[in-house]
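Undergrad: Enclosed is the structure file query-v3.cif (mmCIF, C-alpha atoms).
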```
data_model
loop_
_atom_site.label_atom_id
_atom_site.label_comp_id
_atom_site.auth_asym_id
_atom_site.auth_seq_id
_atom_site.Cartn_x
_atom_site.Cartn_y
_atom_site.Cartn_z
CA MET A 1 99.08 92.60 118.22
CA SER A 2 102.43 90.96 117.77
CA ALA A 3 105.74 92.68 117.21
CA GLU A 4 107.14 89.46 115.68
CA VAL A 5 105.35 89.86 112.34
CA PRO A 6 104.74 93.44 111.20
CA VAL A 7 101.11 94.49 111.55
CA LYS A 8 99.54 95.33 108.18
CA VAL A 9 98.38 98.94 108.06
CA GLY A 10 96.07 100.57 105.54
CA ILE A 11 96.41 104.34 105.11
CA LEU A 12 93.52 106.51 103.92
CA ILE A 13 94.41 109.82 102.26
CA SER A 14 92.69 112.59 100.33
CA GLY A 15 95.62 114.66 99.08
CA ARG A 16 99.40 114.75 98.82
CA GLY A 17 99.85 112.35 101.73
CA SER A 18 102.73 113.95 103.62
CA ASN A 19 101.78 112.11 106.83
CA MET A 20 101.37 108.91 104.79
CA GLN A 21 104.92 109.39 103.52
CA SER A 22 106.26 109.66 107.09
CA LEU A 23 104.36 106.49 108.06
CA VAL A 24 105.75 104.64 105.03
CA ALA A 25 109.31 105.81 105.78
CA ALA A 26 109.05 104.48 109.35
CA SER A 27 107.64 101.17 108.07
CA LYS A 28 110.80 100.63 106.03
CA GLN A 29 113.15 100.87 109.02
CA PRO A 30 114.77 97.64 110.23
CA GLY A 31 112.57 95.89 112.79
CA ALA A 32 109.52 98.06 112.01
CA ALA A 33 106.39 97.01 113.88
CA TYR A 34 104.12 97.59 110.90
CA SER A 35 104.10 97.44 107.13
CA VAL A 36 101.91 99.45 104.77
CA ALA A 37 99.69 97.03 102.88
CA LEU A 38 97.46 99.56 101.10
CA VAL A 39 97.05 103.28 100.50
CA ALA A 40 93.45 104.17 99.63
CA SER A 41 91.83 107.45 98.67
CA ASP A 42 88.44 109.00 98.01
CA LYS A 43 90.12 111.12 95.33
CA PRO A 44 91.48 109.10 92.39
CA ALA A 45 93.75 112.01 91.39
CA ALA A 46 95.28 112.42 94.89
CA ALA A 47 99.02 113.06 94.55
CA GLY A 48 99.77 110.67 97.42
CA LEU A 49 98.52 107.70 95.37
CA ALA A 50 101.16 108.20 92.69
CA TRP A 51 103.84 108.55 95.37
CA ALA A 52 102.69 105.29 97.05
CA GLN A 53 102.67 103.46 93.70
CA GLY A 54 106.22 104.69 93.14
CA GLN A 55 107.15 103.04 96.44
CA GLY A 56 105.64 99.74 95.29
CA ILE A 57 102.67 100.00 97.66
CA ALA A 58 99.26 98.74 96.53
CA THR A 59 96.70 101.52 96.08
CA PHE A 60 92.94 101.78 95.81
CA ALA A 61 90.98 104.83 94.71
CA LEU A 62 87.27 105.42 94.40
CA SER A 63 85.22 108.58 94.41
CA PRO A 64 82.00 108.39 96.42
CA LYS A 65 80.32 110.72 93.91
CA GLY A 66 77.43 109.01 92.17
CA ILE A 67 77.52 105.81 94.24
CA GLY A 68 76.71 107.09 97.73
CA LYS A 69 78.46 106.72 101.06
CA PRO A 70 77.33 103.14 101.90
CA ALA A 71 78.57 101.69 98.58
CA TYR A 72 81.76 103.74 98.73
CA GLU A 73 82.58 102.64 102.29
CA ALA A 74 81.76 99.01 101.48
CA ALA A 75 84.27 99.14 98.61
CA ILE A 76 86.99 100.74 100.80
CA ASP A 77 86.29 98.20 103.56
CA GLN A 78 86.60 95.33 101.08
CA ALA A 79 89.86 96.71 99.65
CA LEU A 80 91.33 96.99 103.17
CA ARG A 81 90.26 93.45 104.04
CA ASP A 82 91.51 92.04 100.71
CA ALA A 83 94.93 93.58 101.51
CA GLY A 84 94.96 91.89 104.93
CA VAL A 85 94.88 95.23 106.76
CA GLN A 86 94.70 94.99 110.56
CA VAL A 87 94.90 98.69 111.50
CA VAL A 88 93.72 101.74 109.55
CA ALA A 89 95.59 105.06 109.75
CA LEU A 90 93.85 108.21 108.53
CA ALA A 91 96.41 110.63 107.11
CA GLY A 92 94.78 113.75 105.73
CA TYR A 93 91.63 111.79 104.91
CA MET A 94 89.00 114.50 104.63
CA ARG A 95 85.80 112.45 104.85
CA LEU A 96 83.76 111.63 107.92
CA LEU A 97 83.46 107.88 108.37
CA SER A 98 80.03 106.42 109.07
CA GLY A 99 79.22 104.76 112.37
CA ASP A 100 78.92 101.44 110.52
CA PHE A 101 82.44 101.71 109.08
CA VAL A 102 83.91 102.74 112.44
CA ALA A 103 82.10 99.82 114.13
CA ARG A 104 83.61 97.34 111.65
CA TRP A 105 87.10 98.58 112.56
CA GLN A 106 86.32 99.34 116.24
CA GLY A 107 89.46 100.36 118.12
CA ARG A 108 91.66 99.83 115.05
CA ILE A 109 91.46 103.23 113.30
CA LEU A 110 93.86 106.05 114.21
CA ASN A 111 93.88 109.66 113.07
CA ILE A 112 96.29 112.58 113.29
CA HIS A 113 94.57 115.89 114.08
CA PRO A 114 96.28 119.32 113.97
CA SER A 115 95.31 120.55 117.43
CA LEU A 116 95.84 119.67 121.06
CA LEU A 117 92.61 117.74 121.51
CA PRO A 118 90.10 118.20 123.01
CA LEU A 119 90.70 121.75 121.74
CA TYR A 120 89.61 122.68 118.22
CA LYS A 121 87.95 119.60 116.81
CA GLY A 122 87.10 119.79 113.13
CA LEU A 123 88.53 122.30 110.66
CA ASP A 124 90.44 125.62 110.84
CA THR A 125 92.38 124.51 113.93
CA HIS A 126 95.38 126.84 113.50
CA GLU A 127 93.22 129.88 112.78
CA ARG A 128 91.11 129.14 115.85
CA ALA A 129 94.16 128.69 118.13
CA ILE A 130 95.68 132.00 116.97
CA ALA A 131 92.34 133.83 117.31
CA ALA A 132 91.95 132.52 120.87
CA GLY A 133 95.34 133.94 121.83
CA ASP A 134 96.70 130.51 122.79
CA ALA A 135 100.39 130.28 123.70
CA LYS A 136 100.76 126.86 122.10
CA ALA A 137 99.27 124.63 119.45
CA GLY A 138 100.16 121.17 118.26
CA CYS A 139 98.83 117.85 117.07
CA SER A 140 97.19 114.76 118.50
CA VAL A 141 96.99 111.12 117.46
CA HIS A 142 93.73 109.58 118.58
CA VAL A 143 91.58 106.50 118.18
CA VAL A 144 88.70 107.18 115.79
CA THR A 145 85.16 106.86 117.14
CA GLU A 146 81.78 107.86 115.73
CA GLU A 147 82.22 111.32 117.28
CA LEU A 148 84.41 113.78 115.34
CA ASP A 149 87.95 113.96 116.79
CA ASP A 150 86.71 112.50 120.07
CA GLY A 151 88.45 109.15 120.64
CA GLU A 152 91.17 108.33 123.16
CA VAL A 153 94.22 110.55 122.65
CA LEU A 154 97.31 108.35 122.35
CA GLY A 155 99.93 111.08 122.01
CA GLN A 156 100.44 114.79 121.43
CA ALA A 157 103.19 117.17 120.39
CA GLU A 158 103.21 120.88 121.19
CA VAL A 159 104.63 123.87 119.33
CA PRO A 160 104.65 127.48 120.53
CA ILE A 161 102.47 130.06 118.84
CA LEU A 162 104.92 132.87 118.10
CA PRO A 163 104.16 136.58 117.89
CA GLY A 164 103.15 137.41 114.34
CA ASP A 165 102.28 133.82 113.44
CA ASP A 166 99.76 133.36 110.68
CA THR A 167 97.96 130.10 109.96
CA ALA A 168 100.50 129.04 107.29
CA ALA A 169 103.52 129.52 109.57
CA LEU A 170 101.86 127.71 112.45
CA ALA A 171 100.60 124.90 110.21
CA ALA A 172 104.12 124.34 108.85
CA ARG A 173 105.59 123.98 112.37
CA VAL A 174 102.78 121.68 113.46
CA LEU A 175 103.22 119.52 110.34
CA VAL A 176 106.86 118.85 111.26
CA GLU A 177 105.63 117.49 114.60
CA GLU A 178 102.86 115.47 112.91
CA HIS A 179 105.48 113.71 110.77
CA ARG A 180 107.49 112.84 113.88
CA LEU A 181 104.60 111.91 116.19
CA TYR A 182 102.36 109.77 113.97
CA PRO A 183 104.89 107.00 113.14
CA GLN A 184 105.95 106.88 116.80
CA ILE A 185 102.38 106.51 118.11
CA LEU A 186 101.35 104.04 115.38
CA THR A 187 104.37 101.90 116.28
CA GLU A 188 103.46 101.98 119.98
CA PHE A 189 99.83 101.19 119.16
CA VAL A 190 100.52 98.11 117.03
CA ARG A 191 102.96 96.76 119.65
CA ARG A 192 100.30 96.81 122.42
#
```
How does the structure come out when it is put into structure tokens?

TA:
Amino acid sequence: MSAEVPVKVGILISGRGSNMQSLVAASKQPGAAYSVALVASDKPAAAGLAWAQGQGIATFALSPKGIGKPAYEAAIDQALRDAGVQVVALAGYMRLLSGDFVARWQGRILNIHPSLLPLYKGLDTHERAIAAGDAKAGCSVHVVTEELDDGEVLGQAEVPILPGDDTAALAARVLVEEHRLYPQILTEFVRR
């Protein structure tokens, strides 16, 4: 991918989109390697969609309820392609993508996950790290494959687990690192 013309990125969200906001902020820096062409969501009422619209970014929203996963993913795929998207970034997107969707975007979907992969794939990562007595937690940016949280890890950031930490305190510290790490790794990825 070329650094001359910014790579068009599509961001998939399901909620408020705090990681999406950090990706958008980085895309607006002089000489940015990527631009955000579309923010899409499986939840039409997701707060992040309104924020993206306020930034002048095209949005797409469709609930899979009542139409099924194949029709839903076909519509999302078409919206991404219509926007000229070259790389997809999952940012708090809480749906598992089908093997067919992943195959169509093979090697061009990234995700941010709130653990130091390969530890704690899936949900409840902070709770599981605290329960295990780990000294540190963190986040990972990885390439999405058909296997949950299993693709190549492109970068990680660590935070200490402090005495007395609960899941909310740990999650807040990890989120700060997610907002720093994801734009950095996405930039490196699109410049490869």

Undergrad: Can you tell me, as a list in words, what residues are no more than 10 Å from Glu188 (chain A) when counting all atoms listed in the file, ignoring any on the same chain fewer than 2 positions away?

TA: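 Everything that qualifies: Ala3, Ala33, Leu154, Gly155, Tyr182, Pro183, Gln184, Ile185, Leu186, Val190, Arg191 and Arg192 of chain A.
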
Undergrad: Expanded to explicit residues, what is the PyMOL selection byres ((chain A and resi 150) around 12) for this file, as a VMD selection string?

TA: chain A and resid 110 to 113 116 to 122 140 to 149 151 to 154

Undergrad: What gap, in Å, lies between CA of Gly17 (chain A) and CA of Val174 (chain A)?

TA: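 Going from CA of Gly17 (chain A) over to CA of Val174 (chain A) covers 15.3 Å.
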
Undergrad: Ranking A:Gly99, A:Pro64, A:Gly138, A:Gly133 by minimum distance to Ser115 (chain A) and counting all atoms listed in the file, which one comes first?

TA: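 Using all atoms listed in the file, the shortest distance to Ser115 (chain A) belongs to A:Gly138.
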
Undergrad: Would you please work out which residue, of A:Asp165, A:Glu4, A:Asp42, A:Asp124, is nearest to Lys136 (chain A) when using all atoms listed in the file?

TA: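 Closest residue, counting all atoms listed in the file: A:Asp165.
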
Undergrad: Show me, as a list in words, the residues that have an atom within 8 Å of Phe101 (chain A) when counting all atoms listed in the file, minus same-chain residues fewer than 4 positions from it.

TA: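 Close residues of Phe101 (chain A): Glu73, Asp77, Leu97 and Trp105 of chain A.
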
Undergrad: Would you give the centre and edge lengths, in Å to one decimal, of a box along x, y and z around the listed atoms of region 26-38 of chain A, with 5 Å added to each side, as JSON?

TA:
```
{"center_x": 106.1, "center_y": 100.2, "center_z": 107.5, "size_x": 27.3, "size_y": 18.6, "size_z": 22.8}
```

Undergrad: Select from region 90-168 of chain A every residue with an atom at most 10 Å from any atom of region 6-10 of chain A, then for each give the shortest pair of atoms and their distance in Å to one decimal, using all atoms listed in the file, rows by chain and rising number, as a Markdown table.

TA:
```
| residue | atom | partner | partner_atom | distance |
| --- | --- | --- | --- | --- |
| A:Leu90 | CA | A:Gly10 | CA | 8.5 |
| A:Arg108 | CA | A:Val9 | CA | 9.7 |
| A:Ile109 | CA | A:Gly10 | CA | 9.4 |
```

Undergrad: Next, write the just-selected residues to a file, as a compact mmCIF listing (two decimals), in the frame of the given file, keeping C-alpha atoms as the atom set.

TA:
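Wrote it out as selection.txt, contents follow:
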```
# COMPACT_ATOMS: atom_id res chain seq x y z
CA LEU A 90 93.85 108.21 108.53
CA ARG A 108 91.66 99.83 115.05
CA ILE A 109 91.46 103.23 113.30
```

Undergrad: For a quick check of understanding, using only C-alpha atoms, which of A:Phe60, A:Phe189, A:Trp51, A:Tyr34 has the smallest distance to Arg16 (chain A)?

TA: A:Trp51

Undergrad: Can you work out the spacing between CA of Asp82 (chain A) and CA of Ala61 (chain A) in Å, to one decimal?

TA: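 Computing the Euclidean distance for CA of Asp82 (chain A) and CA of Ala61 (chain A) yields 14.1 Å.
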
Undergrad: For a quick check of understanding, using all atoms listed in the file, which of A:Gln106, A:Ser35, A:Gln53, A:Ser98 has the smallest distance to Leu23 (chain A)?

TA: A:Ser35

Undergrad: Using all atoms listed in the file, can you tell me which of A:Gln21, A:Leu123, A:Leu175, A:Pro160 comes closest to Ala135 (chain A)?

TA: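 Closest to Ala135 (chain A) of all the choices is A:Pro160.
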
Undergrad: Do you have the CA of Ala25 (chain A)-CA of Ala52 (chain A) distance handy?

TA: 11.0 Å

Undergrad: Could you check which of A:Gln86, A:Ser14, A:Ser22, A:Gln29 is closest to Ala45 (chain A), using all atoms listed in the file?

TA: A:Ser14

Undergrad: Applying 10 Å and all atoms listed in the file, which residues near Ala168 (chain A) remain after dropping the ones on its own chain fewer than 4 positions away? List them as a PyMOL selection string.

TA: chain A and resi 126-127+172-174

Undergrad: If we count only C-alpha atoms, what is near Ala32 (chain A) at a cut-off of 8 Å, once residues fewer than 5 positions away on the same chain are taken out, given as a PDB file with C-alpha atoms, in the frame of the given file?

TA:
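Done, and the output landed in out02.pdb:
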```pdb
ATOM      1  CA  PRO A   6     104.740  93.440 111.200  1.00  0.00           C
ATOM      2  CA  ALA A  26     109.050 104.480 109.350  1.00  0.00           C
ATOM      3  CA  SER A  27     107.640 101.170 108.070  1.00  0.00           C
ATOM      4  CA  THR A 187     104.370 101.900 116.280  1.00  0.00           C
TER       5      THR A 187
END
```

Undergrad: Neighbouring residues of Ser41 (chain A) were defined as those with any atom within 9 Å, considering all atoms listed in the file; residues of the same chain fewer than 2 positions away were excluded. Please report them as a CSV table (one decimal) with C-alpha atoms, in the coordinates of the input.

TA:
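File written: result.csv
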```csv
chain,number,residue,atom,x,y,z
A,11,ILE,CA,96.4,104.3,105.1
A,12,LEU,CA,93.5,106.5,103.9
A,13,ILE,CA,94.4,109.8,102.3
A,14,SER,CA,92.7,112.6,100.3
A,15,GLY,CA,95.6,114.7,99.1
A,39,VAL,CA,97.0,103.3,100.5
A,43,LYS,CA,90.1,111.1,95.3
A,44,PRO,CA,91.5,109.1,92.4
A,45,ALA,CA,93.8,112.0,91.4
A,46,ALA,CA,95.3,112.4,94.9
A,48,GLY,CA,99.8,110.7,97.4
A,49,LEU,CA,98.5,107.7,95.4
A,59,THR,CA,96.7,101.5,96.1
A,60,PHE,CA,92.9,101.8,95.8
A,61,ALA,CA,91.0,104.8,94.7
A,62,LEU,CA,87.3,105.4,94.4
A,63,SER,CA,85.2,108.6,94.4
A,76,ILE,CA,87.0,100.7,100.8
A,93,TYR,CA,91.6,111.8,104.9
```
